[in-house]
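Colleague: I have a structure here, written as C-alpha cells, and I will follow up with some questions on it.
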Amino acid sequence: MRVAFFDLDHTLLSTDSNQLWFDYLREQGLLDEDALARHAAFIHDYHAGRLDFQGLHAFRKAVDASIAPQRLRACRDAFNRERLLLAVAPGAPALLDTLRRDGMLTMVISASPEALVLPVARHLGFEHVLAADSAAGRNLPAPCFGAGKVLHAKAALAALGTSLGGLEQSRFYSDSHNDLPLLEAVQHPVAVDPDPVLAQVARARDWPVISLRETT
C-alpha cells in the first residue's frame with residue numbers, strides 16, 4: 001500500500017478553515033469581538049508552538065453550540081458553498097490526480113473539526129479523513145495535532161491492515177512546523193507553502209518545498 005497524507009489548513013486550502021468560519025459567523029452577527037480576540041490568541045499560540053489544543057477545540061465547539069441547530073446548519077451550507085470550497089488551493093486537484101494515477105491512497109489528517117474537513121475532503125475525492133473529532137480517534141491518548149497526528153495515522157493504517165513501516169511508500173504534505181513529528185515519520189515529507197520554521201527545517205534537511213497556491 002502507498003499512502004499520501006495531507007494537512008488541510010494552509011495546505012489543501014490557501015487559508016485557515018477555522019478563521020474563515022469565524023469571520024463568516026461575525027458577518028452573520030453570530031460572533032462578537034471578544035470571541036474573535038480569544039480565537040486570535042489561540043492562533044498566535046499555535047504559530048508560536050505553544051498551543052493548548054484541547055482548550056482551542058473546546059472553545060470552537062462552544063461557539064458552534066451557542067448557535068441554534070437549524071441556523072447552524074443553514075450557515076454551514078452557505079459557508080461551504082460561498083467560502084470554504086472556494087478556498088481550495090489551486091494546485092491541489094492536479095497534485096491529487098497525479099498521486100492517484102500513481103496508485104497512492106490519499107488521506108486528510110487535520111486538527112480542524114470534521115464539519116470543516118469533510119466538505120473539502122469530499123470535494124477533492126479523499127478516501128479517508130482524520131479530523132480533530134473523528135470517531136476513530138476518540139480513544140487515542142492524544143488529539144489529532146502535533147505528535148498526536150502520528151498516533152492517529154498509525155491507528156488509521158492499522159484499521160487498513162498495515163502500518164507506517166509496512167507501507168511501500170508514505171508521503172505527508174503540510175505547511176506547519178507543528179506537523180514535524182508526522183513529517184519525520186513518513187518516507188517522503190513535503191513542505192507545502194511552509195511557515196518560516198518548517199521552511200528552515202526543509203532547507204536544512206533537503207526536503208521538497210512546493211506551492212499549491214500557484215497555478216503556473
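Labels used: A, B, ... for chains in the order of the C-alpha cells, numbers from 1 for residues in each chain, and numbers from 1 for ligands as shown.
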If you take only C-alpha atoms and a cut-off of 12 Å, which residues of range 108-176 of chain A touch range 75-79 of chain A, and what are their nearest atom pairs and distances in Å to one decimal, in chain and number order, as CSV?
Modeller:
```
residue,atom,partner,partner_atom,distance
A:Glu114,CA,A:Arg76,CA,11.9
A:Ala115,CA,A:Arg76,CA,8.1
A:Leu116,CA,A:Arg76,CA,8.9
A:Leu118,CA,A:Arg76,CA,11.8
A:Pro119,CA,A:Asp77,CA,9.7
A:Val120,CA,A:Phe79,CA,11.9
```
Colleague: Which residues come within 9 Å of Glu214 in chain A, counting only C-alpha atoms, excluding same-chain residues fewer than 4 positions away, as a PyMOL selection string?
Modeller: chain A and resi 89-91
Colleague: Keeping only C-alpha atoms, write those residues as an mmCIF file, in the first residue's frame.
Modeller:
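Output file out-v1.cif is given in full below:
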```cif
data_model
loop_
_atom_site.group_PDB
_atom_site.id
_atom_site.type_symbol
_atom_site.label_atom_id
_atom_site.label_comp_id
_atom_site.auth_asym_id
_atom_site.auth_seq_id
_atom_site.Cartn_x
_atom_site.Cartn_y
_atom_site.Cartn_z
ATOM 1 C CA ALA A 89 -5.541 25.816 -3.180
ATOM 2 C CA PRO A 90 -5.463 25.994 -6.991
ATOM 3 C CA GLY A 91 -2.763 23.347 -7.349
#
```
Colleague: Check which residues of range 121-177 of chain A sit at most 10 Å from range 191-211 of chain A using only C-alpha atoms, and return one row each with the closest pair of atoms and their distance in Å to one decimal, ordered by chain and rising number, as JSON lines.
Modeller:
```
{"residue": "A:Phe172", "atom": "CA", "partner": "A:Ala191", "partner_atom": "CA", "distance": 8.4}
{"residue": "A:Tyr173", "atom": "CA", "partner": "A:Ala191", "partner_atom": "CA", "distance": 6.0}
{"residue": "A:Ser174", "atom": "CA", "partner": "A:Val192", "partner_atom": "CA", "distance": 5.3}
{"residue": "A:Asp175", "atom": "CA", "partner": "A:Pro194", "partner_atom": "CA", "distance": 4.1}
{"residue": "A:Ser176", "atom": "CA", "partner": "A:Asp195", "partner_atom": "CA", "distance": 5.8}
{"residue": "A:His177", "atom": "CA", "partner": "A:Leu198", "partner_atom": "CA", "distance": 4.7}
```
Colleague: Convert the current residue selection to file output with C-alpha atoms, as a compact mmCIF listing (two decimals), in the first residue's frame.
Modeller:
```txt
# COMPACT_ATOMS: atom_id res chain seq x y z
CA PHE A 172 2.94 13.79 4.07
CA TYR A 173 2.18 17.24 2.68
CA SER A 174 1.99 20.07 5.25
CA ASP A 175 2.68 23.75 5.75
CA SER A 176 3.27 23.71 9.51
CA HIS A 177 6.18 23.10 11.85
```
Colleague: If we count only C-alpha atoms and set the cut-off at 8 Å, which residues sit around Leu56 in chain A, ignoring sequence neighbours fewer than 5 positions away in its own chain? Please answer as a compact mmCIF listing (two decimals) with N, CA, C and O atoms, in the first residue's frame.
Modeller:
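This is the output file around_27.txt:
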```txt
# COMPACT_ATOMS: atom_id res chain seq x y z
N HIS A 39 -10.07 33.68 19.94
CA HIS A 39 -9.62 32.76 18.89
C HIS A 39 -8.27 33.21 18.33
O HIS A 39 -7.38 32.38 18.09
N PHE A 42 -5.49 32.06 20.54
CA PHE A 42 -5.17 30.65 20.32
C PHE A 42 -4.30 30.48 19.07
O PHE A 42 -3.33 29.72 19.08
N LEU A 51 0.46 25.90 21.66
CA LEU A 51 -0.99 25.86 21.66
C LEU A 51 -1.56 24.89 22.69
O LEU A 51 -1.11 23.74 22.80
```
Colleague: Excluding same-chain residues fewer than 4 positions from Gln187 in chain A, what lies within 8 Å of it counting only C-alpha atoms, as a list in words?
Modeller: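 Counting only C-alpha atoms, the residues come to Gln169, Ser170 and Arg171 of chain A.
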Colleague: Taking C-alpha atoms for each residue, export the selection above as a CSV table (one decimal), in the first residue's frame.
Modeller:
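That gives us again.csv:
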```
chain,number,residue,atom,x,y,z
A,169,GLN,CA,5.6,4.4,0.2
A,170,SER,CA,4.4,7.1,2.5
A,171,ARG,CA,4.2,10.9,2.0
```
Colleague: Report, in Å with one decimal, the straight-line distance from CA of Ala87 in chain A to CA of Thr15 in chain A.
Modeller: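 Going from CA of Ala87 in chain A over to CA of Thr15 in chain A, I get 6.7 Å.
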Colleague: Considering only C-alpha atoms, state which residue in the set A:Leu124, A:Cys144, A:Leu86, A:Leu180 is at the smallest distance from Ser112 in chain A.
Modeller: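 Looking only at the distances to Ser112 in chain A, the closest residue turns out to be A:Cys144.
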Colleague: Which residues, written as a list in words, have at least one atom at most 12 Å from Phe59 in chain A, with only C-alpha atoms counted and residues fewer than 6 positions away on the same chain left out?
Modeller: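 Near Phe59 in chain A, the qualifying residues are Asn18, Phe22, Ala35, Leu36, Arg38, His39, Ala40, Ala41, Phe42, Asp52, Phe53, Ala65, Ser66 and Pro113 of chain A.
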Colleague: Which residue is closest to Leu182 in chain A? Choose from A:Gln28, A:Thr162, A:Ser110, A:Ser134 and count only C-alpha atoms.
Modeller: A:Ser110
Colleague: Could you pull out the residues in range 21-199 of chain A that DSSP calls alpha helix (DSSP H) from the backbone, as a ChimeraX atom specification?
Modeller: /A:21-27,33-48,53-65,69-79,92-101,114-124,148-159,180-185,196-199
Colleague: Which residue gives the smallest distance to Gln19 in chain A among A:Ala136, A:Leu84, A:Ala48, A:Ala62, with only C-alpha atoms counted?
Modeller: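 The answer is A:Leu84, which sits nearest to Gln19 in chain A.
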Colleague: So, counting only C-alpha atoms, which residue among A:Phe145, A:Arg81, A:Met107, A:Ala158 is closest to Leu12 in chain A?
Modeller: A:Met107
Colleague: Calculate how many Å separate CA of Tyr46 in chain A from CA of Asp179 in chain A, rounding to one decimal.
Modeller: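 Calculated distance between CA of Tyr46 in chain A and CA of Asp179 in chain A is 11.4 Å.
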Colleague: Which is closer to Lys149 in chain A than all the others in A:Glu168, A:Val186, A:Arg26, A:Pro93, using only C-alpha atoms?
Modeller: A:Val186
Colleague: From the list A:Thr106, A:Gln54, A:Ser14, A:Thr98, which residue is nearest Gly125 in chain A when using only C-alpha atoms?
Modeller: A:Thr106
Colleague: Which of chain A end up as strand (DSSP E or B) when DSSP is run on this backbone - answer as a list in words?
Modeller: Arg2, Val3, Ala4, Phe5, Phe6, Leu13, Val88, Leu105, Thr106, Met107, Val108, Ile109, His128, Val129, Leu130, Gln169, Ser170, Arg171, Phe172, Tyr173, Ser174, His188, Pro189, Val190, Ala191, Val192, Val209 and Ile210 of chain A
Colleague: Provide the CA of Ala153 in chain A to CA of Ala185 in chain A distance in Å, to one decimal place.
Modeller: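 Answer for the CA of Ala153 in chain A to CA of Ala185 in chain A separation: 10.0 Å.
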